[in-house]
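J.: Structure supplied as upload.cif; contents: mmCIF, C-alpha atoms.
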data_final
#
loop_
_atom_site.label_atom_id
_atom_site.label_comp_id
_atom_site.auth_asym_id
_atom_site.auth_seq_id
_atom_site.Cartn_x
_atom_site.Cartn_y
_atom_site.Cartn_z
CA MET A 256 -48.72 21.73 4.45
CA ALA A 257 -46.97 24.20 6.74
CA ARG A 258 -45.17 27.25 5.35
CA ALA A 259 -42.22 29.06 6.88
CA LEU A 260 -41.26 32.66 6.13
CA ILE A 261 -37.55 33.36 6.48
CA VAL A 262 -36.96 37.07 6.98
CA GLY A 263 -33.34 37.62 6.05
CA CYS A 264 -32.83 34.69 3.71
CA GLY A 265 -29.10 35.03 3.03
CA CYS A 266 -26.65 32.12 2.77
CA SER A 267 -27.50 30.65 6.17
CA GLY A 268 -31.22 31.23 5.70
CA ARG A 269 -31.11 29.43 2.36
CA ALA A 270 -29.34 26.46 3.99
CA LEU A 271 -32.09 26.30 6.61
CA GLY A 272 -34.80 26.82 3.98
CA SER A 273 -33.44 23.92 1.94
CA GLU A 274 -33.51 21.66 5.00
CA LEU A 275 -37.09 22.66 5.82
CA ARG A 276 -38.11 22.15 2.18
CA ASP A 277 -36.56 18.67 2.27
CA GLU A 278 -38.69 17.97 5.36
CA GLY A 279 -41.84 18.80 3.40
CA TRP A 280 -42.28 22.48 4.32
CA GLU A 281 -43.13 25.19 1.85
CA VAL A 282 -40.57 27.93 2.37
CA ARG A 283 -40.65 31.59 1.41
CA GLY A 284 -37.50 33.70 1.83
CA THR A 285 -37.15 37.46 1.82
CA SER A 286 -34.61 39.86 0.44
CA ARG A 287 -34.55 43.59 -0.08
CA GLU A 288 -32.57 43.27 -3.31
CA GLU A 289 -33.34 41.79 -6.73
CA GLU A 290 -30.05 39.85 -6.69
CA GLY A 291 -30.99 38.27 -3.37
CA LEU A 292 -34.36 37.21 -4.74
CA ALA A 293 -32.70 35.48 -7.69
CA VAL A 294 -30.36 33.52 -5.41
CA ILE A 295 -33.25 32.52 -3.14
CA GLU A 296 -35.21 31.25 -6.13
CA ALA A 297 -32.16 29.35 -7.45
CA ALA A 298 -32.03 27.56 -4.07
CA GLY A 299 -35.58 26.27 -4.63
CA ILE A 300 -37.16 28.66 -2.13
CA GLU A 301 -40.03 30.97 -3.01
CA PRO A 302 -38.56 34.50 -3.16
CA ALA A 303 -40.37 37.54 -1.79
CA ARG A 304 -39.25 41.16 -1.63
CA ALA A 305 -39.58 42.56 1.87
CA ASP A 306 -37.78 45.01 4.13
CA PRO A 307 -37.67 44.37 7.88
CA GLU A 308 -37.50 48.13 8.40
CA ARG A 309 -41.02 48.25 6.94
CA PRO A 310 -43.11 45.66 8.85
CA ALA A 311 -46.04 46.03 6.44
CA THR A 312 -43.90 44.38 3.73
CA ILE A 313 -43.51 41.37 6.02
CA LEU A 314 -47.17 41.32 7.03
CA ASP A 315 -48.15 41.22 3.35
CA LEU A 316 -46.45 37.79 3.19
CA VAL A 317 -47.90 36.00 6.22
CA GLY A 318 -51.43 35.19 5.05
CA ASP A 319 -50.49 31.54 4.53
CA VAL A 320 -47.51 31.27 6.90
CA THR A 321 -47.31 29.14 10.04
CA ILE A 322 -43.85 30.10 11.33
CA VAL A 323 -41.83 33.31 10.88
CA LEU A 324 -38.06 33.16 11.28
CA TRP A 325 -36.43 36.54 12.02
CA LEU A 326 -32.87 35.72 10.92
CA LEU A 327 -31.34 39.14 11.36
CA GLY A 328 -28.77 38.46 14.08
CA SER A 329 -25.98 39.20 11.60
CA ALA A 330 -27.81 41.80 9.52
CA LYS A 331 -25.81 44.62 7.97
CA GLY A 332 -26.79 48.26 8.13
CA SER A 333 -26.42 51.45 10.07
CA SER A 334 -26.63 51.29 13.85
CA GLN A 335 -29.92 53.19 13.61
CA ASP A 336 -31.39 50.69 11.12
CA LEU A 337 -30.24 47.70 13.18
CA ALA A 338 -31.68 49.23 16.34
CA ALA A 339 -35.02 49.62 14.53
CA ILE A 340 -35.27 46.05 13.19
CA HIS A 341 -34.39 44.59 16.59
CA GLY A 342 -36.51 47.15 18.44
CA PRO A 343 -39.56 49.15 17.38
CA ARG A 344 -39.99 47.56 13.94
CA LEU A 345 -39.82 44.08 15.45
CA GLU A 346 -42.20 45.08 18.23
CA GLY A 347 -44.71 46.49 15.72
CA LEU A 348 -44.56 43.31 13.66
CA LEU A 349 -45.05 41.08 16.70
CA GLU A 350 -48.09 43.11 17.81
CA ARG A 351 -49.70 42.60 14.42
CA LEU A 352 -48.87 38.89 14.04
CA VAL A 353 -51.54 37.99 16.58
CA ASP A 354 -54.17 38.78 13.93
CA THR A 355 -52.60 36.51 11.30
CA PRO A 356 -52.33 32.74 10.75
CA VAL A 357 -48.76 32.80 12.14
CA ARG A 358 -48.48 30.41 15.08
CA GLY A 359 -44.79 30.61 15.90
CA PHE A 360 -41.87 33.02 15.77
CA VAL A 361 -38.15 32.23 15.79
CA TYR A 362 -35.78 35.04 16.73
CA GLU A 363 -32.08 34.72 15.96
CA GLY A 364 -30.59 35.73 19.30
CA VAL A 365 -26.91 35.43 18.38
CA GLY A 366 -24.91 37.15 15.67
CA THR A 367 -22.69 40.04 14.73
CA VAL A 368 -25.28 42.68 15.62
CA ASP A 369 -24.61 44.42 18.95
CA SER A 370 -25.47 41.99 21.74
CA LYS A 371 -27.57 44.61 23.56
CA LEU A 372 -29.79 44.94 20.50
CA LEU A 373 -30.12 41.16 20.21
CA LYS A 374 -30.99 40.83 23.91
CA GLY A 375 -33.58 43.58 23.53
CA GLY A 376 -35.09 41.87 20.48
CA ALA A 377 -35.18 38.54 22.30
CA GLU A 378 -37.00 40.23 25.19
CA LEU A 379 -39.56 41.72 22.78
CA ALA A 380 -40.17 38.28 21.27
CA ARG A 381 -40.58 36.68 24.71
CA ARG A 382 -42.95 39.46 25.77
CA ALA A 383 -45.05 38.79 22.66
CA GLU A 384 -45.17 35.14 23.65
CA SER A 385 -46.51 35.91 27.12
CA THR A 386 -48.81 38.73 26.01
CA TRP A 387 -50.34 37.26 22.86
CA ARG A 388 -49.55 33.59 23.32
CA ILE A 389 -47.47 33.41 20.15
CA PRO A 390 -45.03 30.55 20.71
CA VAL A 391 -41.48 31.90 20.43
CA ALA A 392 -38.03 30.38 20.20
CA VAL A 393 -34.84 32.40 20.61
CA THR A 394 -31.74 30.78 19.13
CA GLU A 395 -28.48 30.50 21.03
CA THR A 396 -26.12 29.07 18.41
CA SER A 397 -23.96 31.25 16.17
CA ARG A 398 -24.10 30.86 12.40
CA GLU A 399 -20.38 30.12 12.56
CA HIS A 400 -21.34 26.63 13.73
CA GLY A 401 -22.95 25.92 10.34
CA PRO A 402 -24.80 22.60 10.57
CA ARG A 403 -25.40 23.01 14.32
CA TRP A 404 -27.03 26.40 13.66
CA VAL A 405 -29.29 24.89 11.00
CA GLU A 406 -30.16 21.99 13.30
CA GLU A 407 -31.08 24.33 16.20
CA LEU A 408 -33.35 26.39 13.98
CA GLU A 409 -34.96 23.36 12.36
CA THR A 410 -35.62 21.89 15.81
CA ALA A 411 -37.10 25.21 16.99
CA VAL A 412 -39.49 25.27 14.02
CA ILE A 413 -40.64 21.69 14.63
CA GLU A 414 -41.15 22.33 18.36
CA LEU A 415 -43.12 25.50 17.72
CA LEU A 416 -45.36 23.66 15.29
CA ALA A 417 -45.97 20.98 17.92
CA GLN A 418 -47.20 23.68 20.35
CA ARG A 419 -50.02 24.77 18.06
#
Kindly return the structure encoded in the file as structure tokens.
T.:
Amino acid sequence: MARALIVGCGCSGRALGSELRDEGWEVRGTSREEEGLAVIEAAGIEPARADPERPATILDLVGDVTIVLWLLGSAKGSSQDLAAIHGPRLEGLLERLVDTPVRGFVYEGVGTVDSKLLKGGAELARRAESTWRIPVAVTETSREHGPRWVEELETAVIELLAQR
């Protein structure tokens, strides 16, 4: 059975995780906070504490993961923190994923984060795809579109799995 890791498993991530779970996936969702972990677990998703500013906390979770979803297009934080998780922290994670079981990466390319940061993150993900042959999908639908957003991400996950 395939497992997805949702990095940034807030409300929208939990909606996606529930859909994937209903399709037979095992789903693990991350949060930095204890409260977030409790809500993830209540949604029927395996909770895991991780911080995207510290890629090692993400890498600790990918030993049995097929697809990673980087759902941080609407992340909150300082401009410096957001620049890091869509820049050097993301790049460091992508470089290390090649040595893991992960066989696909979904990057949320639309959100409330500065569009320049999101474009830069999308470019890093695409570069990882061409450099290390990690299949990548970059989303183009805003979370504001609710079910359409979930559908785009679910489709991206299924297509990435088919590329393995």
J.: Find the residues near Ile389 in chain A: any atom within 7 Å, counting all atoms listed in the file, skip ones fewer than 5 places away on the same chain, and give them as a PyMOL selection string.
T.: chain A and resi 358-359+383-384
J.: Given the file above and the PyMOL selection byres ((chain A and resi 405-412) around 7), which residues are selected, and can you give them as a ChimeraX atom specification?
T.: /A:271,275,392,394,401-404,413-416
J.: As an exercise, work out the distance from CA of Arg304 in chain A to CA of Gly265 in chain A in Å and give it to one decimal place.
T.: 12.7 Å
J.: Translate the PyMOL selection byres ((chain A and resi 287) around 8), as applied to the file shown, into an explicit residue set as a PyMOL selection string.
T.: chain A and resi 285-286+288-289+291-292+304-306
J.: Skip range 323-326 of chain A itself and residues of its chain fewer than 3 positions away, then list as a PyMOL selection string all residues within 10 Å of it, counting all atoms listed in the file.
T.: chain A and resi 258-265+267-268+283-284+307+313+317+320+329-330+340-341+345+352+357-366+391-394+408+411-412
J.: Given the choices A:Pro343, A:Gly279, A:Pro356, A:Gly376, which gets closest to Ile322 in chain A if the distance is worked out from only C-alpha atoms?
T.: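 Result for the nearest residue to Ile322 in chain A: A:Pro356.
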J.: Please indicate the distance in Å from CA of Arg388 in chain A to CA of Val353 in chain A, rounded to one decimal place.
T.: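 Answer for the CA of Arg388 in chain A to CA of Val353 in chain A separation: 8.3 Å.
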J.: Which one is closest to Ser397 in chain A: A:Thr367, A:Gln418, A:Thr321, A:Thr355? Count only C-alpha atoms.
T.: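 Ranked by minimum distance to Ser397 in chain A, first place goes to A:Thr367.
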J.: Calculated over all atoms listed in the file, which of the candidates A:Asp336, A:Gly328, A:Leu349, A:Arg276 has the smallest distance to Glu395 in chain A?
T.: A:Gly328
J.: Name the closest residue to Leu372 in chain A among the candidates A:Glu278, A:Gly342, A:Arg269, A:Ser333; distances are taken between atoms, counting all atoms listed in the file.
T.: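 Going through A:Glu278, A:Gly342, A:Arg269, A:Ser333 one by one, the smallest distance to Leu372 in chain A is for A:Gly342.
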J.: How about completing range 327-351 of chain A with N, CA and C atoms and giving it to me as a short mmCIF file (atom, residue, chain, number, x, y, z; two decimals), keeping the file's coordinate frame?
T.:
data_model
loop_
_atom_site.label_atom_id
_atom_site.label_comp_id
_atom_site.auth_asym_id
_atom_site.auth_seq_id
_atom_site.Cartn_x
_atom_site.Cartn_y
_atom_site.Cartn_z
N LEU A 327 -32.02 37.87 11.56
CA LEU A 327 -31.34 39.14 11.36
C LEU A 327 -30.27 39.39 12.42
N GLY A 328 -29.81 38.33 13.06
CA GLY A 328 -28.77 38.46 14.08
C GLY A 328 -27.43 38.93 13.53
N SER A 329 -27.22 38.74 12.25
CA SER A 329 -25.98 39.20 11.60
C SER A 329 -26.29 40.15 10.45
N ALA A 330 -27.42 40.85 10.56
CA ALA A 330 -27.81 41.80 9.52
C ALA A 330 -26.79 42.92 9.41
N LYS A 331 -26.69 43.48 8.23
CA LYS A 331 -25.81 44.62 7.97
C LYS A 331 -26.67 45.87 7.86
N GLY A 332 -26.09 46.99 8.24
CA GLY A 332 -26.79 48.26 8.13
C GLY A 332 -26.26 49.25 9.14
N SER A 333 -26.83 50.43 9.11
CA SER A 333 -26.42 51.45 10.07
C SER A 333 -26.87 51.05 11.46
N SER A 334 -26.24 51.61 12.47
CA SER A 334 -26.63 51.29 13.85
C SER A 334 -28.09 51.68 14.09
N GLN A 335 -28.53 52.74 13.47
CA GLN A 335 -29.92 53.19 13.61
C GLN A 335 -30.88 52.16 12.98
N ASP A 336 -30.54 51.68 11.79
CA ASP A 336 -31.39 50.69 11.12
C ASP A 336 -31.44 49.38 11.91
N LEU A 337 -30.28 48.94 12.40
CA LEU A 337 -30.24 47.70 13.18
C LEU A 337 -31.02 47.83 14.48
N ALA A 338 -30.92 49.00 15.11
CA ALA A 338 -31.68 49.23 16.34
C ALA A 338 -33.18 49.16 16.05
N ALA A 339 -33.60 49.64 14.89
CA ALA A 339 -35.02 49.62 14.53
C ALA A 339 -35.52 48.20 14.28
N ILE A 340 -34.75 47.38 13.53
CA ILE A 340 -35.27 46.05 13.19
C ILE A 340 -35.19 45.07 14.36
N HIS A 341 -34.43 45.42 15.38
CA HIS A 341 -34.39 44.59 16.59
C HIS A 341 -35.13 45.27 17.74
N GLY A 342 -35.78 46.37 17.44
CA GLY A 342 -36.51 47.15 18.44
C GLY A 342 -37.91 47.47 17.98
N PRO A 343 -38.18 48.74 17.68
CA PRO A 343 -39.56 49.15 17.38
C PRO A 343 -40.18 48.48 16.16
N ARG A 344 -39.40 48.21 15.12
CA ARG A 344 -39.99 47.56 13.94
C ARG A 344 -40.38 46.12 14.28
N LEU A 345 -39.51 45.44 15.01
CA LEU A 345 -39.82 44.08 15.45
C LEU A 345 -41.04 44.09 16.37
N GLU A 346 -41.07 45.00 17.30
CA GLU A 346 -42.20 45.08 18.23
C GLU A 346 -43.52 45.31 17.49
N GLY A 347 -43.50 46.22 16.51
CA GLY A 347 -44.71 46.49 15.72
C GLY A 347 -45.17 45.26 14.96
N LEU A 348 -44.21 44.54 14.39
CA LEU A 348 -44.56 43.31 13.66
C LEU A 348 -45.17 42.29 14.61
N LEU A 349 -44.54 42.08 15.75
CA LEU A 349 -45.05 41.08 16.70
C LEU A 349 -46.46 41.42 17.17
N GLU A 350 -46.75 42.69 17.38
CA GLU A 350 -48.09 43.11 17.81
C GLU A 350 -49.13 42.78 16.76
N ARG A 351 -48.74 42.85 15.50
CA ARG A 351 -49.70 42.60 14.42
C ARG A 351 -49.82 41.11 14.06
#
